[in-house]
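Asks: The structure that follows is given in the form of structure tokens.
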Amino acid sequence: MLTIAFIGFGNSVIRYHLPYIRHRSHIKIKSVYRRKEDRSSQQELTREKLYPDIFFTENLDDILLDKEIDCVVINTPDATHVHYAKLALNADKHVLVEKPFAPTEKEAKEVFDLAKDKGLICYVNHNRRYDADFLTLRKVLESGKLGDIIEIESHYDYYKPYDYQNNGPREKGWFIYSLGVHNFDQIISHFGVPQRVVYDVRSFTADGAEDYFDLQFCYGNMKVSIASSLYVSIDYPRFLVHGTKGSFAKQSQGHLSAIKAPEPIHASFKVEDESKWGTLSYVDSNGEHIVEKVKSEVTDYGRLYDDLHDIILLKKPKIVKDEQVLAVLSILEAAKENLR
């Protein structure tokens, strides 16, 4: 069994980690560290009681010095990821770090090097590799029914034209680092690091921060366009693929963060409604034109914890490779600097 502790207890832990871990008998959550100010209200203390099997503490040493804890999961504000990761590694703990792993590729290398020097595992929570829509895309690509791939469009959009007014000022890079990091990693996980990247990053409603990006990953004659916008009010396909033998379109699984549910949140492992299944149109080996629905895979972010367990305890190779993480960060840094 892998025993873990969390540093941080925000929306990511409550919505994307705990609901999936609870279905893993080989993962034990022992402790959560929260700053004193984060536990200052009676509401927050009452909330903690919803998780009676977890020990909550304001003393970080309760985690770092606990010999029973194998791995520390970092779910703190982005700018503090490197700081807490180094603290945990220096306390001889394996670490799982929330995305974005680090502000820069250079800082990420420092953390990976520290982990290597200490003989520890440093892993990254690129859990969106296990989204239903992306897993379904991979299934279609691997089937070979589309022939040689010519073009892929990856869209993850919102309609929030007043985001800046409602949520206050945004910093340069916020949209790319919070959302683009997922989309870039998905494509790199399947196709590898692109040979060339074309950047289009814009700001429409506020100076100094982006609300739209469209990056083109170039792989020989194949192009992958990865776009996100706060100005899309129609249900645009999450993935659109064109190959020499046909095309594939898949609607988004939806914004899971928008789902309202009381805590503790329960993960759903149901297959999507058929209305969200992908559509595959292709010409088969007999020259017949076929149109068929493609049953969706199931979203399960706990699969990343399965990976983590096997990497740490069974010494299996990493699924999310260090070099892939570094490539994503390099592209994020360049995209941030290409804002116009």
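Going by the structure tokens order, chains are called A, B, ..., each with residues numbered from 1, while ligands are numbered from 1 in the order shown.
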Show me, as a compact mmCIF listing (two decimals) with N, CA and C atoms, in the first residue's frame, the residues that have an atom within 8 Å of region 32-45 of chain A when counting only C-alpha atoms, minus same-chain residues fewer than 6 positions from it.

Replies:
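Result file around14.txt:
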```txt
# COMPACT_ATOMS: atom_id res chain seq x y z
N ALA A 5 0.22 11.90 1.76
CA ALA A 5 -0.28 13.06 2.49
C ALA A 5 -0.37 14.22 1.50
N PHE A 6 -1.27 15.12 1.77
CA PHE A 6 -1.44 16.30 0.92
C PHE A 6 -0.91 17.54 1.60
N ILE A 7 -0.28 18.39 0.83
CA ILE A 7 0.00 19.76 1.24
C ILE A 7 -0.95 20.63 0.42
N GLY A 8 -1.95 21.18 1.10
CA GLY A 8 -3.00 21.93 0.41
C GLY A 8 -4.29 21.14 0.37
N PHE A 9 -5.41 21.88 0.41
CA PHE A 9 -6.71 21.21 0.44
C PHE A 9 -7.74 22.06 -0.31
N ILE A 54 -9.05 11.27 7.70
CA ILE A 54 -7.86 12.06 7.39
C ILE A 54 -7.48 12.93 8.58
N PHE A 55 -6.19 12.96 8.90
CA PHE A 55 -5.67 13.81 9.97
C PHE A 55 -5.27 15.16 9.37
N PHE A 56 -5.89 16.25 9.85
CA PHE A 56 -5.58 17.60 9.39
C PHE A 56 -4.63 18.27 10.39
N THR A 57 -3.64 18.96 9.86
CA THR A 57 -2.65 19.58 10.72
C THR A 57 -2.17 20.92 10.16
N GLU A 58 -1.73 21.80 11.07
CA GLU A 58 -1.12 23.08 10.69
C GLU A 58 0.40 23.00 10.82
N ASN A 59 0.89 21.85 11.22
CA ASN A 59 2.33 21.66 11.43
C ASN A 59 2.88 20.79 10.30
N LEU A 60 3.64 21.39 9.42
CA LEU A 60 4.15 20.66 8.25
C LEU A 60 5.04 19.48 8.65
N ILE A 63 3.86 15.91 8.68
CA ILE A 63 3.93 15.14 7.43
C ILE A 63 5.37 14.79 7.07
```

Asks: Closest to Glu272 (chain A) among A:Ala132, A:Tyr236, A:Phe175, A:Ser228, using only C-alpha atoms?

Replies: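 With only C-alpha atoms as the atom set, the closest residue is A:Ala132.
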
Asks: State, in Å with one decimal place, the distance from CA of Pro264 (chain A) to CA of Val82 (chain A).

Replies: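 Interatomic distance, CA of Pro264 (chain A) to CA of Val82 (chain A): 28.6 Å.
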
Asks: Can you list every residue in region 146-315 of chain A that DSSP puts in helix (DSSP H, G or I), as a PyMOL selection string?

Replies: chain A and resi 163-167+174-191+256-258+274-276+303-313

Asks: Which is closest to Phe269 (chain A) among A:Glu110, A:Asp148, A:Glu297, A:Asp117, if we use only C-alpha atoms?

Replies: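 Nearest candidate to Phe269 (chain A) out of A:Glu110, A:Asp148, A:Glu297, A:Asp117: A:Glu297.
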
Asks: Which polymer residues have any atom within 12 Å of an atom of Val294 (chain A), counting only C-alpha atoms, with same-chain residues fewer than 2 positions away left out, as a PDB file with C-alpha atoms, in the first residue's frame?

Replies:
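To be explicit, this is the file written out as part-v6.pdb:
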```
ATOM      1  CA  ALA A 132     -12.931  10.453 -21.440  1.00  0.00           C
ATOM      2  CA  ASP A 133     -12.704  12.601 -24.566  1.00  0.00           C
ATOM      3  CA  LEU A 135      -8.945   8.513 -24.204  1.00  0.00           C
ATOM      4  CA  THR A 136     -11.603   8.140 -26.894  1.00  0.00           C
ATOM      5  CA  LEU A 137      -9.478  10.144 -29.325  1.00  0.00           C
ATOM      6  CA  ARG A 138      -6.498   7.881 -28.645  1.00  0.00           C
ATOM      7  CA  LYS A 139      -8.631   4.803 -29.250  1.00  0.00           C
ATOM      8  CA  VAL A 140      -9.619   6.112 -32.674  1.00  0.00           C
ATOM      9  CA  LEU A 141      -6.073   7.154 -33.609  1.00  0.00           C
ATOM     10  CA  SER A 143      -7.406   1.949 -34.671  1.00  0.00           C
ATOM     11  CA  PHE A 248     -13.477  12.024 -36.410  1.00  0.00           C
ATOM     12  CA  ALA A 249     -15.288  14.498 -34.161  1.00  0.00           C
ATOM     13  CA  LYS A 250     -15.722  14.218 -30.399  1.00  0.00           C
ATOM     14  CA  GLN A 251     -17.657  16.587 -28.142  1.00  0.00           C
ATOM     15  CA  VAL A 271     -19.963   5.955 -19.724  1.00  0.00           C
ATOM     16  CA  GLU A 272     -21.064   9.259 -21.223  1.00  0.00           C
ATOM     17  CA  ASP A 273     -24.526   9.559 -22.715  1.00  0.00           C
ATOM     18  CA  GLU A 274     -24.546   8.417 -26.338  1.00  0.00           C
ATOM     19  CA  SER A 275     -25.260  11.988 -27.448  1.00  0.00           C
ATOM     20  CA  LYS A 276     -21.644  12.812 -26.507  1.00  0.00           C
ATOM     21  CA  TRP A 277     -20.067   9.840 -28.254  1.00  0.00           C
ATOM     22  CA  GLY A 278     -17.728  10.636 -31.110  1.00  0.00           C
ATOM     23  CA  THR A 279     -18.600  10.337 -34.792  1.00  0.00           C
ATOM     24  CA  LEU A 280     -16.208   8.485 -37.077  1.00  0.00           C
ATOM     25  CA  SER A 281     -16.544   8.754 -40.845  1.00  0.00           C
ATOM     26  CA  VAL A 291     -20.186   6.375 -40.473  1.00  0.00           C
ATOM     27  CA  GLU A 292     -20.308   5.077 -36.909  1.00  0.00           C
ATOM     28  CA  SER A 296     -16.729   7.043 -25.044  1.00  0.00           C
ATOM     29  CA  GLU A 297     -14.090   5.821 -22.656  1.00  0.00           C
TER      30      GLU A 297
END
```

Asks: Compile the contact shell of Cys218 (chain A) as a PyMOL selection string: residues with an atom at most 6 Å away, counting only C-alpha atoms, same-chain residues fewer than 4 positions apart removed.

Replies: chain A and resi 194-196+223

Asks: As a ChimeraX atom specification, please: every residue in region 52-261 of chain A that DSSP puts in strand (DSSP E or B).

Replies: /A:55-57,71-74,94-98,122-125,149-155,159,196-198,201-202,212-219,222-229,231,239-243,246-250

Asks: Name all residues at most 7 Å from region 182-188 of chain A (count only C-alpha atoms; drop same-chain ones fewer than 4 positions away) and give them as an MDAnalysis selection string.

Replies: chainID A and resid 126 128:129 192:193 226 324 328

Asks: Could you give me, as a PyMOL selection string, the residues within 8 Å of Lys28 (chain A), counting only C-alpha atoms and dropping anything in the same chain fewer than 5 positions from it?

Replies: chain A and resi 1-4

Asks: Report, in Å to a single decimal, how far apart CA of Glu263 (chain A) and CA of Pro19 (chain A) are.

Replies: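 Distance reported for this atom pair: 9.7 Å.
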
Asks: From the list A:His309, A:His266, A:Cys71, A:Val181, which residue is nearest Ser25 (chain A) when using only C-alpha atoms?

Replies: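 The shortest atom-to-atom distance to Ser25 (chain A) comes from A:His309.
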
Asks: So what do you get for CA of Tyr219 (chain A) versus CA of Ser154 (chain A), distance-wise?

Replies: 15.1 Å
